[in-house]
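Visitor: If it helps, the file is called final-v1.cif and holds mmCIF, C-alpha atoms, pLDDT in the B column; chains and numbers go by the auth columns:
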```cif
data_coords
loop_
_atom_site.group_PDB
_atom_site.id
_atom_site.type_symbol
_atom_site.label_atom_id
_atom_site.label_comp_id
_atom_site.label_asym_id
_atom_site.label_seq_id
_atom_site.Cartn_x
_atom_site.Cartn_y
_atom_site.Cartn_z
_atom_site.B_iso_or_equiv
_atom_site.auth_seq_id
_atom_site.auth_asym_id
ATOM 1 C CA MET A 1 -30.910 129.488 25.820 48.00 18 A
ATOM 2 C CA ASN A 2 -31.295 133.058 27.128 50.00 19 A
ATOM 3 C CA THR A 3 -29.226 132.179 30.186 49.00 20 A
ATOM 4 C CA ILE A 4 -26.365 131.026 27.955 46.00 21 A
ATOM 5 C CA ARG A 5 -26.558 134.235 25.907 47.00 22 A
ATOM 6 C CA LYS A 6 -26.597 136.324 29.069 52.00 23 A
ATOM 7 C CA ARG A 7 -23.552 134.559 30.529 50.00 24 A
ATOM 8 C CA PHE A 8 -21.469 134.282 27.384 48.00 25 A
ATOM 9 C CA GLY A 9 -22.886 137.146 25.296 60.00 26 A
ATOM 10 C CA THR A 10 -20.528 139.758 26.719 57.00 27 A
ATOM 11 C CA PRO A 11 -16.883 140.034 25.595 53.00 28 A
ATOM 12 C CA CYS A 12 -15.696 138.831 29.022 49.00 29 A
ATOM 13 C CA GLY A 13 -18.145 135.944 28.933 50.00 30 A
ATOM 14 C CA GLN A 14 -17.014 134.918 25.451 51.00 31 A
ATOM 15 C CA ALA A 15 -13.386 134.969 26.546 44.00 32 A
ATOM 16 C CA ALA A 16 -14.259 132.848 29.570 46.00 33 A
ATOM 17 C CA ALA A 17 -16.077 130.347 27.326 45.00 34 A
ATOM 18 C CA VAL A 18 -13.046 130.080 25.024 40.00 35 A
ATOM 19 C CA VAL A 19 -10.719 129.516 27.988 38.00 36 A
ATOM 20 C CA ALA A 20 -13.054 126.848 29.385 43.00 37 A
ATOM 21 C CA VAL A 21 -13.236 124.976 26.058 38.00 38 A
ATOM 22 C CA VAL A 22 -9.463 125.141 25.518 36.00 39 A
ATOM 23 C CA SER A 23 -8.880 123.893 29.069 41.00 40 A
ATOM 24 C CA MET A 24 -11.219 120.953 28.524 40.00 41 A
ATOM 25 C CA LEU A 25 -9.533 120.062 25.228 38.00 42 A
ATOM 26 C CA GLY A 26 -6.145 120.221 26.890 40.00 43 A
ATOM 27 C CA ALA A 27 -7.309 117.870 29.637 37.00 44 A
ATOM 28 C CA CYS A 28 -8.581 115.436 27.016 36.00 45 A
ATOM 29 C CA THR A 29 -5.209 115.503 25.265 34.00 46 A
ATOM 30 C CA LEU A 30 -3.380 114.703 28.505 37.00 47 A
ATOM 31 C CA ILE A 31 -5.457 111.610 29.188 38.00 48 A
ATOM 32 C CA ASP A 32 -5.620 110.349 25.607 38.00 49 A
ATOM 33 C CA PRO A 33 -4.583 106.671 25.750 47.00 50 A
ATOM 34 C CA GLY A 34 -3.175 106.882 22.206 47.00 51 A
ATOM 35 C CA SER A 35 -0.794 109.727 23.013 47.00 52 A
ATOM 36 C CA THR A 36 2.950 109.320 22.538 84.00 53 A
ATOM 37 C CA LYS A 37 4.999 108.347 25.581 92.00 54 A
ATOM 38 C CA PRO A 38 8.343 110.058 26.233 96.00 55 A
ATOM 39 C CA ASP A 39 11.413 108.592 24.585 97.00 56 A
ATOM 40 C CA ILE A 40 13.698 106.413 26.711 98.00 57 A
ATOM 41 C CA PRO A 41 17.244 107.768 27.100 98.00 58 A
ATOM 42 C CA VAL A 42 19.854 104.989 27.130 98.00 59 A
ATOM 43 C CA LYS A 43 23.442 105.727 28.121 98.00 60 A
ATOM 44 C CA ILE A 44 26.028 103.542 26.394 98.00 61 A
ATOM 45 C CA THR A 45 29.181 103.366 28.505 98.00 62 A
ATOM 46 C CA PHE A 46 32.502 103.278 26.657 98.00 63 A
ATOM 47 C CA ASN A 47 35.791 102.329 28.322 98.00 64 A
ATOM 48 C CA GLU A 48 39.251 103.856 27.824 97.00 65 A
ATOM 49 C CA SER A 49 39.790 101.555 24.806 97.00 66 A
ATOM 50 C CA HIS A 50 36.700 103.109 23.155 98.00 67 A
ATOM 51 C CA CYS A 51 34.696 99.876 23.470 98.00 68 A
ATOM 52 C CA PRO A 52 31.033 99.732 24.581 98.00 69 A
ATOM 53 C CA THR A 53 30.807 97.976 27.947 98.00 70 A
ATOM 54 C CA GLY A 54 27.272 98.579 29.240 98.00 71 A
ATOM 55 C CA VAL A 55 23.977 100.426 28.954 98.00 72 A
ATOM 56 C CA ASP A 56 21.760 102.205 31.455 98.00 73 A
ATOM 57 C CA PRO A 57 18.945 101.401 31.753 98.00 74 A
ATOM 58 C CA ASP A 58 19.501 97.744 31.027 96.00 75 A
ATOM 59 C CA ASN A 59 16.494 96.073 29.338 97.00 76 A
ATOM 60 C CA PRO A 60 14.036 99.027 29.243 98.00 77 A
ATOM 61 C CA THR A 61 10.411 98.462 28.190 98.00 78 A
ATOM 62 C CA VAL A 62 9.437 100.277 24.983 97.00 79 A
ATOM 63 C CA ASP A 63 5.796 100.876 24.059 97.00 80 A
ATOM 64 C CA LYS A 64 5.407 100.338 20.305 96.00 81 A
ATOM 65 C CA ALA A 65 1.738 101.408 20.187 95.00 82 A
ATOM 66 C CA SER A 66 2.565 104.906 21.442 95.00 83 A
ATOM 67 C CA ASN A 67 5.532 105.286 19.070 94.00 84 A
ATOM 68 C CA GLN A 68 8.005 105.357 21.964 96.00 85 A
ATOM 69 C CA ARG A 69 11.676 105.420 20.914 96.00 86 A
ATOM 70 C CA LEU A 70 15.075 104.668 22.374 97.00 87 A
ATOM 71 C CA VAL A 71 17.572 107.539 22.433 98.00 88 A
ATOM 72 C CA TRP A 72 21.202 106.484 22.847 98.00 89 A
ATOM 73 C CA GLN A 73 24.045 108.648 24.122 98.00 90 A
ATOM 74 C CA ALA A 74 27.679 107.575 24.420 98.00 91 A
ATOM 75 C CA VAL A 75 29.055 108.257 27.916 98.00 92 A
ATOM 76 C CA ASP A 76 32.320 107.763 29.767 98.00 93 A
ATOM 77 C CA GLY A 77 32.755 105.620 32.883 96.00 94 A
ATOM 78 C CA VAL A 78 31.183 108.249 35.166 97.00 95 A
ATOM 79 C CA GLY A 79 28.217 108.969 32.893 97.00 96 A
ATOM 80 C CA ASN A 80 29.349 112.148 31.130 98.00 97 A
ATOM 81 C CA PRO A 81 28.354 112.451 27.446 98.00 98 A
ATOM 82 C CA ILE A 82 31.246 111.879 25.035 98.00 99 A
ATOM 83 C CA ASP A 83 31.752 112.228 21.290 97.00 100 A
ATOM 84 C CA GLU A 84 32.146 108.509 20.598 98.00 101 A
ATOM 85 C CA GLY A 85 30.979 106.959 17.351 98.00 102 A
ATOM 86 C CA PHE A 86 28.915 103.777 17.352 98.00 103 A
ATOM 87 C CA THR A 87 26.533 101.775 15.195 97.00 104 A
ATOM 88 C CA ILE A 88 23.388 99.940 16.327 96.00 105 A
ATOM 89 C CA TRP A 89 22.492 96.734 14.488 94.00 106 A
ATOM 90 C CA PHE A 90 18.912 95.513 14.852 89.00 107 A
ATOM 91 C CA ASP A 91 16.433 94.359 12.196 70.00 108 A
ATOM 92 C CA PRO A 92 13.077 95.734 13.475 67.00 109 A
ATOM 93 C CA PHE A 93 14.315 99.337 13.222 70.00 110 A
ATOM 94 C CA LYS A 94 13.548 100.792 9.819 63.00 111 A
ATOM 95 C CA GLY A 95 16.585 101.932 7.811 64.00 112 A
ATOM 96 C CA ARG A 96 19.250 99.847 9.520 75.00 113 A
ATOM 97 C CA PRO A 97 22.021 100.067 10.671 92.00 114 A
ATOM 98 C CA LEU A 98 21.774 103.120 12.918 94.00 115 A
ATOM 99 C CA THR A 99 24.856 105.309 13.173 96.00 116 A
ATOM 100 C CA ALA A 100 25.508 107.866 15.925 97.00 117 A
ATOM 101 C CA ASN A 101 26.055 111.501 15.036 97.00 118 A
ATOM 102 C CA SER A 102 29.325 113.326 15.767 95.00 119 A
ATOM 103 C CA LYS A 103 28.192 113.917 19.382 96.00 120 A
ATOM 104 C CA GLY A 104 27.712 110.215 20.168 97.00 121 A
ATOM 105 C CA TYR A 105 23.902 110.463 19.950 98.00 122 A
ATOM 106 C CA LYS A 106 21.268 108.481 18.026 97.00 123 A
ATOM 107 C CA LYS A 107 17.464 108.211 18.209 96.00 124 A
ATOM 108 C CA SER A 108 15.776 105.038 17.037 93.00 125 A
ATOM 109 C CA PRO A 109 13.358 105.242 14.120 89.00 126 A
ATOM 110 C CA PRO A 110 9.815 103.883 14.402 88.00 127 A
ATOM 111 C CA PHE A 111 9.450 100.145 14.682 87.00 128 A
ATOM 112 C CA ASP A 112 8.284 98.295 11.607 85.00 129 A
ATOM 113 C CA ARG A 113 4.533 97.736 11.919 88.00 130 A
ATOM 114 C CA ASN A 114 5.075 93.965 11.605 89.00 131 A
ATOM 115 C CA THR A 115 7.548 93.794 14.494 91.00 132 A
ATOM 116 C CA PRO A 116 6.140 91.393 17.124 94.00 133 A
ATOM 117 C CA VAL A 117 5.383 92.818 20.578 97.00 134 A
ATOM 118 C CA ASN A 118 5.680 91.331 24.088 98.00 135 A
ATOM 119 C CA VAL A 119 9.140 90.139 23.149 96.00 136 A
ATOM 120 C CA GLN A 120 12.612 90.826 24.540 96.00 137 A
ATOM 121 C CA TYR A 121 15.031 91.887 21.773 95.00 138 A
ATOM 122 C CA LYS A 122 18.811 91.918 21.598 94.00 139 A
ATOM 123 C CA TYR A 123 20.599 94.600 19.627 94.00 140 A
ATOM 124 C CA THR A 124 24.306 95.077 18.999 96.00 141 A
ATOM 125 C CA VAL A 125 26.356 98.206 19.711 98.00 142 A
ATOM 126 C CA VAL A 126 29.583 98.395 17.711 98.00 143 A
ATOM 127 C CA GLY A 127 32.069 101.094 18.704 98.00 144 A
ATOM 128 C CA GLU A 128 33.527 103.005 15.769 98.00 145 A
ATOM 129 C CA ARG A 129 37.044 102.718 17.239 98.00 146 A
ATOM 130 C CA CYS A 130 36.507 99.241 18.714 98.00 147 A
ATOM 131 C CA PRO A 131 34.763 97.134 16.055 98.00 148 A
ATOM 132 C CA ASP A 132 36.100 93.805 17.370 98.00 149 A
ATOM 133 C CA LYS A 133 34.360 94.029 20.776 98.00 150 A
ATOM 134 C CA PRO A 134 30.639 94.662 20.274 98.00 151 A
ATOM 135 C CA TYR A 135 28.203 94.832 23.155 98.00 152 A
ATOM 136 C CA ASP A 136 24.773 93.126 23.086 97.00 153 A
ATOM 137 C CA PRO A 137 22.156 94.824 25.319 97.00 154 A
ATOM 138 C CA ARG A 138 18.432 94.076 25.322 97.00 155 A
ATOM 139 C CA PHE A 139 15.075 95.828 25.537 97.00 156 A
ATOM 140 C CA PHE A 140 11.498 94.635 25.884 97.00 157 A
ATOM 141 C CA LEU A 141 8.940 95.737 23.275 97.00 158 A
ATOM 142 C CA ASN A 142 5.266 95.772 24.249 96.00 159 A
#
```
Hey, can you dump this file as structure tokens for me?

Guide:
Amino acid sequence: MNTIRKRFGTPCGQAAAVVAVVSMLGACTLIDPGSTKPDIPVKITFNESHCPTGVDPDNPTVDKASNQRLVWQAVDGVGNPIDEGFTIWFDPFKGRPLTANSKGYKKSPPFDRNTPVNVQYKYTVVGERCPDKPYDPRFFLN
């Protein structure tokens, strides 16, 4: 006990102890298996007729347990972000349908807790200016 007081009893020693504890807590946070994974950006390609024609990545894997989300951005044929309106139709997202903001961007809400996992899902992208030609990409939820 006296050794601990001698080492950490001085102002410098106390500061070192605080830094050591904070560092250890930070390391624990980084390896926490329940931590949130980064969101998955998905580019929705729109053609000259303002219709959705593809997504990148195609069929990403989303981790429901870590609250991972899809983040969609409308892009042109070369991948540059564009201000294109769209709606996402898919039942397991809470608060459906999902509508892009004025910059062609939308983040998915959390999945309903009853949504089955280890399943590949189809969702539908409907272009605001091309409602008659929807696009049906997929993702895998685990």

Visitor: At what distance in Å, to one decimal, does atom CA of A:Phe157 lie from atom CA of A:Asp75?

Guide: 10.0 Å

Visitor: Could you state the separation of atom CA of A:Gly144 and atom CA of A:Glu101 in Å, given to one decimal place?

Guide: 7.7 Å

Visitor: When the PyMOL selection byres ((chain A and resi 65) around 12) is applied to the structure above, which residues does it catch, written out as a VMD selection string?

Guide: chain A and resid 62 to 64 66 to 70 92 to 95 99 101 144 146 to 147

Visitor: Pick from A:Thr78, A:Thr53, A:Asn118, A:Asn135: nearest to A:Asp100, with all atoms listed in the file counted?

Guide: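 Checking each candidate against A:Asp100, we get A:Asn118 as the closest.
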
Visitor: From the options A:Gly71, A:Pro58, A:Pro126, A:Pro151, which residue's atoms come nearest to A:Thr104, counting only C-alpha atoms?

Guide: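 For A:Thr104, the nearest of the given residues is A:Pro151.
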
Visitor: Using the chain letters and numbers from the file, which residues does the PyMOL selection byres ((chain A and resi 85) around 7) grab, as a ChimeraX atom specification?

Guide: /A:53-56,79-81,83-84,86

Visitor: Grab the atom CA of A:Thr132 to atom CA of A:Asp149 distance for me, in Å with one decimal place.

Guide: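 Calculated distance between atom CA of A:Thr132 and atom CA of A:Asp149 is 28.7 Å.
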
Visitor: Using all atoms listed in the file, which residues sit within 8 Å of A:Phe103 once same-chain residues fewer than 6 positions away are excluded, as a PDB file with C-alpha atoms, in the frame of the given file?

Guide:
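Final output, saved to around-v6.pdb:
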```pdb
ATOM      1  CA  THR A 116      24.856 105.309  13.173  1.00 96.00           C
ATOM      2  CA  ALA A 117      25.508 107.866  15.925  1.00 97.00           C
ATOM      3  CA  GLY A 121      27.712 110.215  20.168  1.00 97.00           C
ATOM      4  CA  VAL A 142      26.356  98.206  19.711  1.00 98.00           C
ATOM      5  CA  VAL A 143      29.583  98.395  17.711  1.00 98.00           C
ATOM      6  CA  GLY A 144      32.069 101.094  18.704  1.00 98.00           C
ATOM      7  CA  GLU A 145      33.527 103.005  15.769  1.00 98.00           C
TER       8      GLU A 145
END
```

Visitor: Just the residues within 7 Å of A:Pro154, please, counting all atoms listed in the file, with nothing from its chain fewer than 3 positions along; format it as a list in words.

Guide: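 Result of the neighbour search: Val72, Asp75, Lys139, Tyr140 and Thr141 of chain A.
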
Visitor: Would you compute an axis-aligned box for stretch 143-155 of chain A, covering every atom listed for it in the file with 4 Å of margin on each side, and report centre and edge lengths in Å to one decimal as JSON?

Guide:
```
{"center_x": 27.7, "center_y": 98.1, "center_z": 20.5, "size_x": 26.6, "size_y": 17.9, "size_z": 17.6}
```

Visitor: Starting from the PyMOL selection byres ((chain A and resi 125) around 8), expand the selection into actual residues of this file and give them as a list in words.

Guide: Arg86, Leu87, Val88, Phe110, Leu115, Lys123, Lys124, Pro126 and Pro127 of chain A

Visitor: Counting all atoms listed in the file, note down every residue that has an atom within 6 Å of the point (18.2, 101.5, 28.8) (file coordinates), as a VMD selection string.

Guide: chain A and resid 59 72 to 77

Visitor: Give as a PyMOL selection string every residue, naming chains and numbers as the document does, that has an atom within 12 Å of (16.7, 93.0, 11.7), counting all atoms listed in the file.

Guide: chain A and resi 105-115+128-129+131-133+138-141

Visitor: Selection from above, C-alpha atoms, as a short mmCIF file (atom, residue, chain, number, x, y, z; two decimals), in the frame of the given file, can you write it?

Guide:
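To be explicit, this is the file written out as again05.cif:
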```
data_model
loop_
_atom_site.label_atom_id
_atom_site.label_comp_id
_atom_site.auth_asym_id
_atom_site.auth_seq_id
_atom_site.Cartn_x
_atom_site.Cartn_y
_atom_site.Cartn_z
CA ILE A 105 23.39 99.94 16.33
CA TRP A 106 22.49 96.73 14.49
CA PHE A 107 18.91 95.51 14.85
CA ASP A 108 16.43 94.36 12.20
CA PRO A 109 13.08 95.73 13.48
CA PHE A 110 14.32 99.34 13.22
CA LYS A 111 13.55 100.79 9.82
CA GLY A 112 16.58 101.93 7.81
CA ARG A 113 19.25 99.85 9.52
CA PRO A 114 22.02 100.07 10.67
CA LEU A 115 21.77 103.12 12.92
CA PHE A 128 9.45 100.14 14.68
CA ASP A 129 8.28 98.30 11.61
CA ASN A 131 5.08 93.96 11.60
CA THR A 132 7.55 93.79 14.49
CA PRO A 133 6.14 91.39 17.12
CA TYR A 138 15.03 91.89 21.77
CA LYS A 139 18.81 91.92 21.60
CA TYR A 140 20.60 94.60 19.63
CA THR A 141 24.31 95.08 19.00
#
```

Visitor: Taking all atoms listed in the file into account, which of A:Arg155, A:Arg130, A:Lys120, A:Lys150 comes nearest A:Ala82?

Guide: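 Among A:Arg155, A:Arg130, A:Lys120, A:Lys150, it is A:Arg130 that comes nearest to A:Ala82.
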
Visitor: Would you output stretch 77-111 of chain A from that structure, restricted to C-alpha atoms, as a PDB file, in the first residue's frame?

Guide:
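The new file result-v5.pdb reads:
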```pdb
ATOM      1  CA  PRO A  77     -23.660  -5.518 -48.678  1.00  0.00           C
ATOM      2  CA  THR A  78     -23.792  -7.361 -45.337  1.00  0.00           C
ATOM      3  CA  VAL A  79     -25.392  -5.344 -42.527  1.00  0.00           C
ATOM      4  CA  ASP A  80     -24.877  -6.261 -38.872  1.00  0.00           C
ATOM      5  CA  LYS A  81     -28.182  -5.771 -37.034  1.00  0.00           C
ATOM      6  CA  ALA A  82     -26.763  -6.548 -33.571  1.00  0.00           C
ATOM      7  CA  SER A  83     -24.334  -3.624 -33.746  1.00  0.00           C
ATOM      8  CA  ASN A  84     -26.992  -1.219 -35.061  1.00  0.00           C
ATOM      9  CA  GLN A  85     -25.211  -0.874 -38.408  1.00  0.00           C
ATOM     10  CA  ARG A  86     -27.096   1.198 -41.004  1.00  0.00           C
ATOM     11  CA  LEU A  87     -27.161   1.716 -44.743  1.00  0.00           C
ATOM     12  CA  VAL A  88     -26.496   5.253 -45.980  1.00  0.00           C
ATOM     13  CA  TRP A  89     -27.646   5.938 -49.539  1.00  0.00           C
ATOM     14  CA  GLN A  90     -26.376   8.682 -51.828  1.00  0.00           C
ATOM     15  CA  ALA A  91     -27.634   9.388 -55.345  1.00  0.00           C
ATOM     16  CA  VAL A  92     -24.758   9.554 -57.851  1.00  0.00           C
ATOM     17  CA  ASP A  93     -24.338  10.107 -61.572  1.00  0.00           C
ATOM     18  CA  GLY A  94     -22.812   7.594 -63.990  1.00  0.00           C
ATOM     19  CA  VAL A  95     -19.242   8.373 -62.878  1.00  0.00           C
ATOM     20  CA  GLY A  96     -19.999   8.273 -59.149  1.00  0.00           C
ATOM     21  CA  ASN A  97     -20.347  11.975 -58.332  1.00  0.00           C
ATOM     22  CA  PRO A  98     -23.037  12.864 -55.758  1.00  0.00           C
ATOM     23  CA  ILE A  99     -26.143  14.451 -57.288  1.00  0.00           C
ATOM     24  CA  ASP A 100     -29.284  16.095 -55.932  1.00  0.00           C
ATOM     25  CA  GLU A 101     -31.682  13.383 -57.101  1.00  0.00           C
ATOM     26  CA  GLY A 102     -34.805  12.518 -55.150  1.00  0.00           C
ATOM     27  CA  PHE A 103     -35.683   8.906 -54.399  1.00  0.00           C
ATOM     28  CA  THR A 104     -37.753   6.773 -52.053  1.00  0.00           C
ATOM     29  CA  ILE A 105     -36.757   3.443 -50.483  1.00  0.00           C
ATOM     30  CA  TRP A 106     -39.526   0.903 -49.899  1.00  0.00           C
ATOM     31  CA  PHE A 107     -38.776  -1.887 -47.431  1.00  0.00           C
ATOM     32  CA  ASP A 108     -40.850  -3.209 -44.519  1.00  0.00           C
ATOM     33  CA  PRO A 109     -38.201  -4.005 -41.848  1.00  0.00           C
ATOM     34  CA  PHE A 110     -37.110  -0.351 -41.662  1.00  0.00           C
ATOM     35  CA  LYS A 111     -39.100   1.521 -39.050  1.00  0.00           C
TER      36      LYS A 111
END
```
